[in-house]
Amino acid sequence: MDESPLRERLIDVGVEMVTAEGTAALGLREIARRAGVSHGAPRRYFPTHQALLSAIARRGFADLGARFAAAGTGQDTPRERVRALATTYVAYALEQRGMFELMFRHDLLDSTGQEGSDGPRLRESTRPLFAMLVGLVSRCGAADPEVTAAALWANLHGVAQLWGAGSLPLVLGGGADGAGTDTGAYIGRLVGAALDAHLGADPS
């Protein structure tokens, strides 16, 4: 079997597993078993378990980047593009909970244990997306675009985490599982409040 297709197959299987079953399912042996190879085969391409997990998580960042590009199309102003990206970010976190959790695991972003792995370190996958946000925030007139973008990102990440955990739906009058809460409407309002807090009130 050609090595490159097998490497991609291992990543494909990992993506399928984390999407359907969450991060707890991503054991090295189980990924190998579902890929139809021996438990030692992944070591030919990924020297550590973390290296394989990072390759899987990079697929998540690629997917999120593609969604950002699509969301920004057709938006007339930088602020509208920021809102579109912000909404997409929170929606992705809620739709792809397992992948989102994997993408932001500290041990993977820190790149510890990935020595000898090919491809960029996982943390490098976050930079183009953040740079895109900084550029848009700058065009919105922020005095310190990088810090403002970082604060906005932290705000949106918190919204995603607290909504996914059931805390925000609960305090906003629904159940912890979101029952009785119009998720789309509330997310839209929360994103709008985050933009107002960090970019100022919408002048339009």
# chains A, B, ... in the order shown; residues from 1 in each chain; ligands from 1

$ residues_around --residues "A:Gly135" --least-positions-apart "2" --cutoff "12 Å" --atoms "only C-alpha atoms" --output "list in words"
Pro78, Arg79, Arg81, Val82, Pro128, Leu129, Phe130, Ala131, Met132, Leu133, Val137, Ser138, Arg139, Cys140, Gly141, Ala142, Asp144, Pro145, Glu146, Val147, Thr148, Ala149 and Ala150 of chain A

$ write_last_selection --atoms "N, CA and C atoms" --output "compact mmCIF listing (two decimals), in the first residue's frame"
# COMPACT_ATOMS: atom_id res chain seq x y z
N PRO A 78 -16.54 45.71 6.61
CA PRO A 78 -15.70 44.91 7.51
C PRO A 78 -16.45 44.42 8.74
N ARG A 79 -17.30 45.24 9.31
CA ARG A 79 -18.05 44.83 10.50
C ARG A 79 -19.01 43.68 10.17
N ARG A 81 -18.53 41.48 7.90
CA ARG A 81 -17.69 40.29 7.74
C ARG A 81 -17.26 39.74 9.10
N VAL A 82 -16.94 40.64 10.02
CA VAL A 82 -16.59 40.17 11.38
C VAL A 82 -17.77 39.44 12.00
N PRO A 128 -3.32 32.01 10.46
CA PRO A 128 -4.01 32.66 9.34
C PRO A 128 -5.42 33.12 9.68
N LEU A 129 -6.13 32.32 10.48
CA LEU A 129 -7.50 32.69 10.85
C LEU A 129 -7.49 33.91 11.75
N PHE A 130 -6.54 33.94 12.69
CA PHE A 130 -6.45 35.10 13.59
C PHE A 130 -6.02 36.34 12.80
N ALA A 131 -5.09 36.18 11.88
CA ALA A 131 -4.64 37.31 11.06
C ALA A 131 -5.81 37.88 10.25
N MET A 132 -6.68 37.00 9.76
CA MET A 132 -7.85 37.46 9.02
C MET A 132 -8.74 38.33 9.91
N LEU A 133 -8.93 37.87 11.16
CA LEU A 133 -9.76 38.63 12.10
C LEU A 133 -9.11 39.97 12.44
N VAL A 137 -10.77 43.63 11.95
CA VAL A 137 -10.94 44.50 13.11
C VAL A 137 -10.23 45.83 12.89
N SER A 138 -9.07 45.78 12.25
CA SER A 138 -8.35 47.02 11.93
C SER A 138 -9.18 47.90 11.01
N ARG A 139 -9.83 47.29 10.04
CA ARG A 139 -10.66 48.06 9.10
C ARG A 139 -11.92 48.60 9.77
N CYS A 140 -12.25 48.04 10.93
CA CYS A 140 -13.39 48.56 11.70
C CYS A 140 -12.99 49.77 12.53
N GLY A 141 -11.69 50.13 12.51
CA GLY A 141 -11.25 51.33 13.21
C GLY A 141 -10.72 51.11 14.61
N ALA A 142 -10.44 49.87 15.00
CA ALA A 142 -9.93 49.61 16.34
C ALA A 142 -8.55 50.23 16.51
N ASP A 144 -6.19 49.33 18.64
CA ASP A 144 -5.19 48.25 18.81
C ASP A 144 -5.80 46.97 18.26
N PRO A 145 -5.75 46.79 16.93
CA PRO A 145 -6.47 45.69 16.29
C PRO A 145 -6.12 44.31 16.82
N GLU A 146 -4.85 44.04 17.10
CA GLU A 146 -4.46 42.70 17.53
C GLU A 146 -5.04 42.37 18.90
N VAL A 147 -4.94 43.30 19.84
CA VAL A 147 -5.49 43.06 21.18
C VAL A 147 -7.01 43.01 21.13
N THR A 148 -7.62 43.90 20.35
CA THR A 148 -9.08 43.90 20.23
C THR A 148 -9.57 42.59 19.62
N ALA A 149 -8.87 42.12 18.58
CA ALA A 149 -9.25 40.85 17.95
C ALA A 149 -9.09 39.70 18.93
N ALA A 150 -8.02 39.71 19.72
CA ALA A 150 -7.80 38.65 20.70
C ALA A 150 -8.90 38.65 21.75

$ residues_around --residues "stretch 14-16 of chain A" --least-positions-apart "6" --cutoff "9 Å" --atoms "only C-alpha atoms" --output "list of chain:residue names"
A:Ala25, A:Leu26, A:Ile31, A:Leu52, A:Leu53, A:Ile56, A:Ala57, A:Arg59, A:Gly60, A:Met99

$ write_last_selection --atoms "N, CA, C and O atoms" --output "PDB file, in the first residue's frame"
ATOM      1  N   ALA A  25     -12.733   8.920  22.012  1.00  0.00           N
ATOM      2  CA  ALA A  25     -12.656   7.732  21.143  1.00  0.00           C
ATOM      3  C   ALA A  25     -11.319   7.606  20.430  1.00  0.00           C
ATOM      4  O   ALA A  25     -11.027   6.554  19.840  1.00  0.00           O
ATOM      5  N   LEU A  26     -10.484   8.648  20.472  1.00  0.00           N
ATOM      6  CA  LEU A  26      -9.322   8.709  19.598  1.00  0.00           C
ATOM      7  C   LEU A  26      -8.089   7.982  20.134  1.00  0.00           C
ATOM      8  O   LEU A  26      -6.994   8.548  20.192  1.00  0.00           O
ATOM      9  N   ILE A  31      -7.931   3.784  16.210  1.00  0.00           N
ATOM     10  CA  ILE A  31      -7.826   4.419  14.889  1.00  0.00           C
ATOM     11  C   ILE A  31      -7.212   3.439  13.892  1.00  0.00           C
ATOM     12  O   ILE A  31      -7.707   3.275  12.774  1.00  0.00           O
ATOM     13  N   LEU A  52      -0.466  12.432  15.584  1.00  0.00           N
ATOM     14  CA  LEU A  52      -1.650  12.037  14.823  1.00  0.00           C
ATOM     15  C   LEU A  52      -2.851  12.904  15.198  1.00  0.00           C
ATOM     16  O   LEU A  52      -3.592  13.364  14.324  1.00  0.00           O
ATOM     17  N   LEU A  53      -3.043  13.152  16.487  1.00  0.00           N
ATOM     18  CA  LEU A  53      -4.152  13.996  16.924  1.00  0.00           C
ATOM     19  C   LEU A  53      -4.023  15.406  16.340  1.00  0.00           C
ATOM     20  O   LEU A  53      -5.020  16.012  15.950  1.00  0.00           O
ATOM     21  N   ILE A  56      -5.147  15.403  12.782  1.00  0.00           N
ATOM     22  CA  ILE A  56      -6.618  15.379  12.733  1.00  0.00           C
ATOM     23  C   ILE A  56      -7.164  16.769  13.013  1.00  0.00           C
ATOM     24  O   ILE A  56      -8.053  17.263  12.308  1.00  0.00           O
ATOM     25  N   ALA A  57      -6.617  17.436  14.029  1.00  0.00           N
ATOM     26  CA  ALA A  57      -7.096  18.766  14.399  1.00  0.00           C
ATOM     27  C   ALA A  57      -6.834  19.790  13.302  1.00  0.00           C
ATOM     28  O   ALA A  57      -7.626  20.723  13.113  1.00  0.00           O
ATOM     29  N   ARG A  59      -7.164  19.304  10.234  1.00  0.00           N
ATOM     30  CA  ARG A  59      -8.309  19.189   9.322  1.00  0.00           C
ATOM     31  C   ARG A  59      -9.458  20.090   9.810  1.00  0.00           C
ATOM     32  O   ARG A  59     -10.187  20.678   9.015  1.00  0.00           O
ATOM     33  N   GLY A  60      -9.612  20.150  11.121  1.00  0.00           N
ATOM     34  CA  GLY A  60     -10.649  21.012  11.685  1.00  0.00           C
ATOM     35  C   GLY A  60     -10.396  22.472  11.369  1.00  0.00           C
ATOM     36  O   GLY A  60     -11.316  23.211  10.979  1.00  0.00           O
ATOM     37  N   MET A  99     -14.463  17.910  17.465  1.00  0.00           N
ATOM     38  CA  MET A  99     -13.352  18.487  16.725  1.00  0.00           C
ATOM     39  C   MET A  99     -12.915  19.809  17.343  1.00  0.00           C
ATOM     40  O   MET A  99     -11.713  20.090  17.474  1.00  0.00           O
TER      41      MET A  99
END

$ select_by_dssp --residues "stretch 6-204 of chain A" --states "alpha helix (DSSP H)" --output "ChimeraX atom specification"
/A:6-21,28-35,49-72,78-95,97-103,106-109,122-139,145-164,167-171,183-199

$ residues_around --residues "A:Val191" --least-positions-apart "3" --cutoff "7 Å" --atoms "only C-alpha atoms" --output "list in words"
Ala86, Thr87, Ile187, Gly188, Ala194 and Leu195 of chain A

$ closest_residue --among "A:Ala84, A:Phe61, A:Gly27, A:Leu6" --to "A:Arg44" --atoms "only C-alpha atoms"
A:Leu6

$ atom_distance --atom1 "atom CA of A:Phe104" --atom2 "atom CA of A:Gly72"
23.0 Å

$ residues_around --residues "A:Leu190" --least-positions-apart "6" --cutoff "10 Å" --atoms "only C-alpha atoms" --output "number ranges by chain"
A: 87, 155-156, 159, 184, 196

$ write_last_selection --atoms "all heavy atoms" --output "PDB file, in the first residue's frame"
ATOM      1  N   THR A  87     -20.235  34.549  13.945  1.00  0.00           N
ATOM      2  CA  THR A  87     -21.380  33.632  13.973  1.00  0.00           C
ATOM      3  C   THR A  87     -20.966  32.248  13.496  1.00  0.00           C
ATOM      4  O   THR A  87     -21.372  31.230  14.077  1.00  0.00           O
ATOM      5  CB  THR A  87     -22.512  34.193  13.099  1.00  0.00           C
ATOM      6  OG1 THR A  87     -22.866  35.504  13.558  1.00  0.00           O
ATOM      7  CG2 THR A  87     -23.735  33.284  13.154  1.00  0.00           C
ATOM      8  N   ASN A 155     -13.945  36.260  23.821  1.00  0.00           N
ATOM      9  CA  ASN A 155     -15.364  36.421  24.118  1.00  0.00           C
ATOM     10  C   ASN A 155     -16.199  35.386  23.362  1.00  0.00           C
ATOM     11  O   ASN A 155     -17.057  34.685  23.946  1.00  0.00           O
ATOM     12  CB  ASN A 155     -15.794  37.834  23.738  1.00  0.00           C
ATOM     13  CG  ASN A 155     -17.145  38.254  24.287  1.00  0.00           C
ATOM     14  OD1 ASN A 155     -17.423  39.443  24.366  1.00  0.00           O
ATOM     15  ND2 ASN A 155     -17.984  37.320  24.662  1.00  0.00           N
ATOM     16  N   LEU A 156     -15.927  35.248  22.076  1.00  0.00           N
ATOM     17  CA  LEU A 156     -16.685  34.294  21.259  1.00  0.00           C
ATOM     18  C   LEU A 156     -16.417  32.852  21.694  1.00  0.00           C
ATOM     19  O   LEU A 156     -17.334  32.016  21.715  1.00  0.00           O
ATOM     20  CB  LEU A 156     -16.317  34.471  19.782  1.00  0.00           C
ATOM     21  CG  LEU A 156     -16.670  35.818  19.158  1.00  0.00           C
ATOM     22  CD1 LEU A 156     -16.029  35.953  17.793  1.00  0.00           C
ATOM     23  CD2 LEU A 156     -18.189  35.994  19.073  1.00  0.00           C
ATOM     24  N   VAL A 159     -18.461  32.208  24.713  1.00  0.00           N
ATOM     25  CA  VAL A 159     -19.867  31.993  24.349  1.00  0.00           C
ATOM     26  C   VAL A 159     -20.070  30.559  23.864  1.00  0.00           C
ATOM     27  O   VAL A 159     -21.001  29.864  24.282  1.00  0.00           O
ATOM     28  CB  VAL A 159     -20.311  33.003  23.266  1.00  0.00           C
ATOM     29  CG1 VAL A 159     -21.661  32.590  22.665  1.00  0.00           C
ATOM     30  CG2 VAL A 159     -20.402  34.410  23.847  1.00  0.00           C
ATOM     31  N   GLY A 184     -30.481  29.920  17.670  1.00  0.00           N
ATOM     32  CA  GLY A 184     -30.016  30.826  16.630  1.00  0.00           C
ATOM     33  C   GLY A 184     -30.205  32.283  17.002  1.00  0.00           C
ATOM     34  O   GLY A 184     -29.304  33.112  16.803  1.00  0.00           O
ATOM     35  N   ASP A 196     -20.387  44.790  19.801  1.00  0.00           N
ATOM     36  CA  ASP A 196     -20.572  46.112  20.367  1.00  0.00           C
ATOM     37  C   ASP A 196     -19.568  46.380  21.487  1.00  0.00           C
ATOM     38  O   ASP A 196     -19.046  47.484  21.618  1.00  0.00           O
ATOM     39  CB  ASP A 196     -21.995  46.254  20.914  1.00  0.00           C
ATOM     40  CG  ASP A 196     -23.045  46.364  19.817  1.00  0.00           C
ATOM     41  OD1 ASP A 196     -22.678  46.584  18.647  1.00  0.00           O
ATOM     42  OD2 ASP A 196     -24.245  46.246  20.136  1.00  0.00           O
TER      43      ASP A 196
END

$ atom_distance --atom1 "atom CA of A:Ala41" --atom2 "atom CA of A:Arg121"
21.6 Å
